[in-house]
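As stored in protein00.cif (mmCIF, C-alpha atoms):
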data_model
#
loop_
_atom_site.label_atom_id
_atom_site.label_comp_id
_atom_site.auth_asym_id
_atom_site.auth_seq_id
_atom_site.Cartn_x
_atom_site.Cartn_y
_atom_site.Cartn_z
CA MET Q 61 22.05 -33.96 -22.09
CA ARG Q 62 18.54 -32.95 -20.88
CA LYS Q 63 18.93 -34.94 -17.69
CA THR Q 64 22.28 -33.29 -17.00
CA ILE Q 65 20.78 -29.81 -17.40
CA GLN Q 66 17.90 -30.53 -15.07
CA THR Q 67 20.04 -31.84 -12.26
CA ALA Q 68 23.09 -29.63 -12.53
CA GLY Q 69 21.83 -26.88 -10.24
CA ARG Q 70 20.19 -29.15 -7.71
CA LYS Q 71 21.78 -29.70 -4.37
CA ALA Q 72 22.88 -33.31 -4.08
CA ALA Q 73 20.85 -35.41 -1.67
CA ARG Q 74 22.69 -36.35 1.45
CA LYS Q 75 23.59 -39.94 2.00
CA PRO Q 76 21.55 -41.06 5.01
CA ASP Q 77 23.75 -41.43 8.06
CA GLU Q 78 22.97 -43.33 11.20
CA ALA Q 79 20.82 -40.52 12.63
CA ALA Q 80 18.77 -40.31 9.44
CA SER Q 81 18.26 -44.05 9.38
CA VAL Q 82 17.12 -44.00 12.99
CA GLY Q 83 14.67 -41.22 12.11
CA SER Q 84 13.29 -43.22 9.19
CA ARG Q 85 12.88 -46.33 11.26
CA ALA Q 86 11.07 -44.27 13.90
CA GLY Q 87 8.34 -43.53 11.35
CA LEU Q 88 9.48 -40.08 10.29
CA ASP Q 89 8.23 -39.15 6.84
CA ARG Q 90 7.74 -35.90 4.96
CA ASP Q 91 4.06 -35.51 5.89
CA ARG Q 92 4.77 -35.95 9.58
CA LEU Q 93 7.69 -33.56 9.33
CA VAL Q 94 5.56 -30.85 7.67
CA ASP Q 95 2.72 -31.29 10.17
CA ALA Q 96 5.17 -30.86 13.04
CA ALA Q 97 6.64 -27.78 11.36
CA ILE Q 98 3.17 -26.21 11.08
CA ASP Q 99 2.54 -26.92 14.77
CA LEU Q 100 5.86 -25.29 15.64
CA LEU Q 101 4.96 -22.30 13.46
CA GLN Q 102 1.65 -21.93 15.27
CA GLU Q 103 3.25 -22.05 18.70
CA LYS Q 104 6.44 -20.02 18.25
CA GLY Q 105 6.26 -18.17 14.94
CA LEU Q 106 8.31 -18.14 11.76
CA ASP Q 107 11.55 -16.92 13.34
CA ALA Q 108 11.62 -19.95 15.65
CA LEU Q 109 10.97 -22.46 12.88
CA SER Q 110 14.41 -24.04 12.52
CA THR Q 111 15.56 -27.55 11.66
CA ARG Q 112 17.06 -27.84 15.14
CA GLN Q 113 13.78 -26.95 16.86
CA LEU Q 114 11.88 -29.23 14.54
CA ALA Q 115 14.21 -32.17 15.18
CA GLU Q 116 13.78 -31.71 18.93
CA ARG Q 117 10.01 -31.72 18.55
CA LEU Q 118 10.12 -34.92 16.52
CA GLY Q 119 12.56 -36.59 18.89
CA VAL Q 120 15.30 -37.11 16.31
CA LYS Q 121 18.67 -35.58 15.50
CA SER Q 122 18.83 -32.80 12.92
CA PRO Q 123 20.54 -34.95 10.24
CA ALA Q 124 17.47 -37.19 10.21
CA LEU Q 125 15.46 -34.39 8.65
CA TYR Q 126 17.73 -34.25 5.61
CA TRP Q 127 16.60 -37.70 4.62
CA HIS Q 128 13.32 -35.98 3.66
CA ILE Q 129 14.24 -32.36 2.84
CA ARG Q 130 17.27 -30.69 1.25
CA ASP Q 131 17.40 -27.62 3.49
CA LYS Q 132 15.34 -25.12 5.48
CA SER Q 133 14.26 -23.34 2.32
CA GLU Q 134 12.58 -26.47 1.03
CA LEU Q 135 10.99 -27.03 4.45
CA LEU Q 136 9.43 -23.56 4.42
CA GLY Q 137 8.15 -24.11 0.90
CA LEU Q 138 6.50 -27.36 1.96
CA VAL Q 139 4.92 -25.66 4.98
CA ALA Q 140 3.52 -22.84 2.83
CA ASP Q 141 2.12 -25.33 0.33
CA ALA Q 142 0.56 -27.45 3.08
CA ILE Q 143 -1.15 -24.38 4.50
CA CYS Q 144 -2.41 -23.46 1.02
CA ALA Q 145 -3.80 -26.99 0.64
CA ARG Q 146 -6.34 -26.08 3.33
CA MET Q 147 -7.96 -23.53 1.01
CA ALA Q 148 -10.93 -24.59 -1.08
CA LEU Q 149 -10.66 -23.63 -4.74
CA PRO Q 150 -13.65 -21.95 -6.40
CA ALA Q 151 -15.87 -23.93 -8.74
CA SER Q 152 -15.24 -23.06 -12.39
CA ASN Q 153 -18.98 -22.71 -13.10
CA ARG Q 154 -19.33 -19.72 -10.78
CA SER Q 155 -19.30 -16.17 -12.08
CA PHE Q 156 -16.14 -14.10 -12.48
CA ARG Q 157 -16.85 -12.07 -9.35
CA GLU Q 158 -17.93 -15.08 -7.30
CA ARG Q 159 -14.73 -16.96 -8.12
CA LEU Q 160 -12.57 -14.05 -7.04
CA GLU Q 161 -14.64 -13.55 -3.88
CA ASP Q 162 -14.26 -17.24 -3.02
CA ILE Q 163 -10.50 -17.03 -3.44
CA ALA Q 164 -10.29 -13.88 -1.31
CA TRP Q 165 -12.32 -15.19 1.62
CA GLU Q 166 -10.56 -18.54 1.63
CA TYR Q 167 -7.21 -16.74 1.50
CA ARG Q 168 -8.19 -14.65 4.49
CA ARG Q 169 -9.70 -17.54 6.45
CA VAL Q 170 -6.67 -19.79 6.14
CA LEU Q 171 -3.89 -17.22 6.43
CA VAL Q 172 -5.35 -15.51 9.49
CA ALA Q 173 -5.68 -18.90 11.16
CA HIS Q 174 -1.97 -19.70 10.72
CA ARG Q 175 0.62 -17.66 12.55
CA ASP Q 176 3.00 -15.74 10.27
CA ALA Q 177 1.42 -17.34 7.19
CA PRO Q 178 1.08 -14.05 5.27
CA ARG Q 179 4.76 -13.33 5.86
CA LEU Q 180 5.69 -16.84 4.75
CA PHE Q 181 3.58 -16.50 1.60
CA ALA Q 182 5.08 -13.08 0.84
CA GLU Q 183 8.67 -14.25 1.23
CA LEU Q 184 8.37 -17.44 -0.82
CA ALA Q 185 7.47 -17.75 -4.50
CA PRO Q 186 4.22 -19.70 -5.02
CA THR Q 187 5.93 -22.75 -6.51
CA GLY Q 188 4.34 -25.56 -4.51
CA ALA Q 189 1.67 -27.70 -6.16
CA HIS Q 190 -1.24 -26.27 -4.14
CA ARG Q 191 -0.06 -22.67 -4.35
CA MET Q 192 0.30 -23.05 -8.11
CA LYS Q 193 -3.23 -24.47 -8.30
CA LEU Q 194 -4.54 -21.44 -6.44
CA TYR Q 195 -2.71 -19.10 -8.79
CA ASP Q 196 -4.00 -21.11 -11.75
CA ALA Q 197 -7.56 -20.75 -10.42
CA ALA Q 198 -7.17 -16.96 -10.21
CA VAL Q 199 -5.69 -16.70 -13.70
CA GLY Q 200 -8.48 -18.95 -14.98
CA ALA Q 201 -11.14 -16.62 -13.59
CA PHE Q 202 -9.66 -13.73 -15.59
CA LEU Q 203 -9.17 -15.76 -18.75
CA ASP Q 204 -12.73 -17.09 -18.67
CA ALA Q 205 -13.98 -13.53 -18.21
CA GLY Q 206 -12.36 -12.52 -21.48
CA PHE Q 207 -9.08 -10.98 -20.33
CA ALA Q 208 -6.12 -11.43 -22.66
CA PRO Q 209 -3.42 -13.75 -21.23
CA PRO Q 210 -0.90 -10.96 -20.41
CA GLU Q 211 -3.50 -9.00 -18.46
CA ALA Q 212 -4.95 -12.12 -16.83
CA ILE Q 213 -1.50 -12.95 -15.44
CA ALA Q 214 -0.92 -9.36 -14.33
CA MET Q 215 -4.35 -9.03 -12.71
CA ALA Q 216 -4.05 -12.35 -10.88
CA THR Q 217 -0.63 -11.33 -9.56
CA PHE Q 218 -1.93 -7.94 -8.45
CA TYR Q 219 -4.92 -9.64 -6.79
CA ARG Q 220 -2.63 -11.96 -4.84
CA ASN Q 221 -0.48 -9.05 -3.67
CA TYR Q 222 -3.55 -7.10 -2.57
CA LEU Q 223 -4.90 -10.03 -0.57
CA LEU Q 224 -1.54 -10.61 1.11
CA GLY Q 225 -1.31 -6.96 2.11
CA MET Q 226 -4.84 -6.82 3.50
CA VAL Q 227 -4.53 -10.05 5.44
CA ALA Q 228 -1.02 -9.42 6.78
CA GLU Q 229 -1.94 -6.65 9.21
CA GLU Q 230 -5.01 -8.49 10.49
CA ALA Q 231 -3.00 -11.66 11.01
CA ARG Q 232 -0.22 -9.75 12.77
CA GLN Q 233 -2.73 -8.36 15.23
CA SER Q 234 -4.41 -11.74 15.71
CA TRP Q 235 -1.12 -13.42 16.59
CA SER Q 236 0.47 -10.55 18.51
CA THR Q 237 2.43 -11.69 21.56
CA HIS Q 238 1.44 -8.49 23.35
CA SER Q 239 -1.82 -8.96 25.23
CA ASN Q 240 -2.56 -5.23 25.12
CA ALA Q 241 -1.86 -4.81 21.39
CA LEU Q 242 -4.38 -2.60 19.63
CA ARG Q 243 -5.35 -2.34 15.99
CA PRO Q 244 -3.62 0.56 14.17
CA THR Q 245 -6.98 2.23 13.53
CA VAL Q 246 -7.76 2.12 17.26
CA VAL Q 247 -4.37 3.60 18.14
CA LEU Q 248 -4.87 6.38 15.58
CA GLY Q 249 -8.36 7.06 16.92
CA SER Q 250 -7.00 7.31 20.47
CA GLU Q 251 -4.32 9.77 19.36
CA LEU Q 252 -6.89 11.93 17.57
CA ALA Q 253 -9.11 11.88 20.64
CA ARG Q 254 -6.16 13.02 22.74
CA LEU Q 255 -5.40 15.88 20.36
CA GLY Q 256 -9.03 16.93 20.21
CA ASP Q 257 -11.22 17.74 17.22
CA GLU Q 258 -10.12 21.35 17.20
CA SER Q 259 -6.56 20.60 16.07
CA PRO Q 260 -5.95 22.77 12.99
CA ASP Q 261 -3.35 20.38 11.57
CA TYR Q 262 -5.80 17.61 10.64
CA PRO Q 263 -9.05 19.30 9.54
CA ASN Q 264 -10.27 16.28 7.56
CA LEU Q 265 -9.98 13.97 10.56
CA ARG Q 266 -12.35 15.90 12.79
CA GLY Q 267 -14.82 13.48 14.28
CA ALA Q 268 -12.86 10.48 12.96
CA ALA Q 269 -11.63 9.20 16.32
CA GLU Q 270 -14.80 7.26 17.15
CA LEU Q 271 -15.21 6.00 13.59
CA LEU Q 272 -11.64 4.65 13.50
CA ALA Q 273 -12.14 2.82 16.78
CA LYS Q 274 -15.17 1.01 15.35
CA ILE Q 275 -13.52 -0.30 12.18
CA GLU Q 276 -13.36 -4.11 12.29
CA PRO Q 277 -10.80 -6.03 10.18
CA GLU Q 278 -13.44 -8.14 8.45
CA ALA Q 279 -15.50 -5.08 7.54
CA LEU Q 280 -12.40 -3.32 6.21
CA PHE Q 281 -11.50 -6.39 4.15
CA ARG Q 282 -15.04 -6.57 2.77
CA ILE Q 283 -15.04 -2.90 1.74
CA GLY Q 284 -11.64 -3.09 0.10
CA LEU Q 285 -12.57 -6.27 -1.73
CA LYS Q 286 -15.78 -4.72 -3.06
CA VAL Q 287 -13.97 -1.64 -4.36
CA LEU Q 288 -11.30 -3.78 -6.00
CA LEU Q 289 -13.78 -6.16 -7.65
CA ASP Q 290 -15.95 -3.28 -8.82
CA GLY Q 291 -12.91 -1.92 -10.63
CA MET Q 292 -12.05 -5.31 -12.10
CA GLU Q 293 -15.58 -5.71 -13.41
CA CYS Q 294 -15.30 -2.31 -15.08
CA ARG Q 295 -12.10 -3.51 -16.72
CA LYS Q 296 -13.89 -6.70 -17.76
CA ALA Q 297 -16.63 -4.61 -19.40
CA GLU Q 298 -13.97 -2.77 -21.39
CA PHE Q 299 -12.72 -6.07 -22.81
CA ALA Q 300 -16.26 -6.77 -24.01
CA GLN Q 301 -15.96 -3.69 -26.25
CA PRO Q 302 -13.53 -4.35 -29.11
CA GLY Q 303 -10.75 -1.82 -29.37
CA LYS Q 304 -11.49 -0.10 -26.08
CA ALA Q 305 -9.34 -2.16 -23.68
CA LYS Q 306 -5.71 -1.09 -23.59
CA ARG Q 307 -2.86 -3.55 -23.49
CA VAL Q 308 -1.56 -4.17 -19.96
CA GLY Q 309 1.63 -2.27 -19.31
CA GLY Q 310 0.65 0.61 -21.61
CA LYS Q 311 1.54 4.09 -20.38
CA HIS Q 312 -1.01 6.32 -18.74
CA PRO Q 313 -1.69 9.44 -20.87
CA GLY Q 314 -0.21 11.63 -18.14
CA ALA Q 315 2.87 9.47 -17.54
CA LYS Q 316 6.27 10.97 -18.25
CA ARG Q 317 7.96 9.76 -21.40
#
Rewrite the structure from the file as structure tokens, please.
Amino acid sequence: MRKTIQTAGRKAARKPDEAASVGSRAGLDRDRLVDAAIDLLQEKGLDALSTRQLAERLGVKSPALYWHIRDKSELLGLVADAICARMALPASNRSFRERLEDIAWEYRRVLVAHRDAPRLFAELAPTGAHRMKLYDAAVGAFLDAGFAPPEAIAMATFYRNYLLGMVAEEARQSWSTHSNALRPTVVLGSELARLGDESPDYPNLRGAAELLAKIEPEALFRIGLKVLLDGMECRKAEFAQPGKAKRVGGKHPGAKR
């Protein structure tokens, strides 16, 4: 009965046809397929990553791919996991803050280097082996710091979402197909400069045009990460004081009932 339950919802594997057999004999395997998919992602972006394009790149017919993958969804999951495999996990003997910093900078390094990777990571659940190991490493940092399991899971999830959001805009700019694309902060600074510092509508942005133009993505990431980790360490200190830390999910005193 257990075996029936596990396989009932799974799409049946296709019986290899002649094209698939030719692909297998040509040396096509899952690793080669995923490597080619990553190359295609780098060159043309996520929207162009299709089984048809991938088959053409590998010199086989599309049915040959289904000898190794069930569908495009599985292909994208394998690509995301292969990209994640290029991240180094933090050593467990490092401090709470150091472990989270290591995760953050590795996340940024790898995702910025791969076109549309933040979008791919955001759209797919982290179910691959390497993505689950990364999530496990983040949860472990919180657990080892004294966070209760429910909050450790919640904080690790929030941390992942923050990193994805911060990296996504930087990566989008890095891989923009428009040669004259400018960072949003630069565009805003230019608009403020055009309006002039005397505009009465934005009194708090007087003198901000030059400052906005000088903001670099790495510096912005570093500042945001510091603020976030400072807050997490404050929360960690609360857990060190019995009875002070509130259960995750509890209502804020000012929240509506």
Q) On this structure, which residues satisfy the PyMOL selection byres ((chain Q and resi 223-229) around 7), written as a VMD selection string? A) chain Q and resid 164 168 172 178 219 to 222 230 to 233 281
Q: To verify the selection step, state as number ranges by chain which residues the PyMOL selection byres ((chain Q and resi 117) around 10) yields on this input.
A: Q: 93, 96-97, 99-100, 111-116, 118-121
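With distances restricted to only C-alpha atoms, Q:Ala185 is the closest residue to Q:Ser133 from Q:Ala185, Q:Arg175, Q:Asp261, Q:Arg295.
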Taking the file above as input, evaluate the PyMOL selection byres ((chain Q and resi 180) around 9) and report the hits as a compact mmCIF listing (two decimals) with C-alpha atoms, in the coordinates of the input.
# COMPACT_ATOMS: atom_id res chain seq x y z
CA LEU Q 106 8.31 -18.14 11.76
CA LEU Q 136 9.43 -23.56 4.42
CA GLY Q 137 8.15 -24.11 0.90
CA VAL Q 139 4.92 -25.66 4.98
CA ALA Q 140 3.52 -22.84 2.83
CA ASP Q 176 3.00 -15.74 10.27
CA ALA Q 177 1.42 -17.34 7.19
CA PRO Q 178 1.08 -14.05 5.27
CA ARG Q 179 4.76 -13.33 5.86
CA PHE Q 181 3.58 -16.50 1.60
CA ALA Q 182 5.08 -13.08 0.84
CA GLU Q 183 8.67 -14.25 1.23
CA LEU Q 184 8.37 -17.44 -0.82
Q. Taking into account all atoms listed in the file, which residue in the set Q:Ala208, Q:Ile143, Q:Leu149, Q:Ile163 is nearest to Q:Gly188?
A. Q:Ile143
Q: Work out how far atom CA of Q:Tyr167 is from atom CA of Q:Met192, in Å to one decimal.
A: 13.7 Å
Q. Taking (-10.5, -14.9, -15.0) in the file's coordinates, which residues come within 9 Å, counting only C-alpha atoms, written as a PyMOL selection string?
A. chain Q and resi 156-157+159-160+197-207+212+215-216
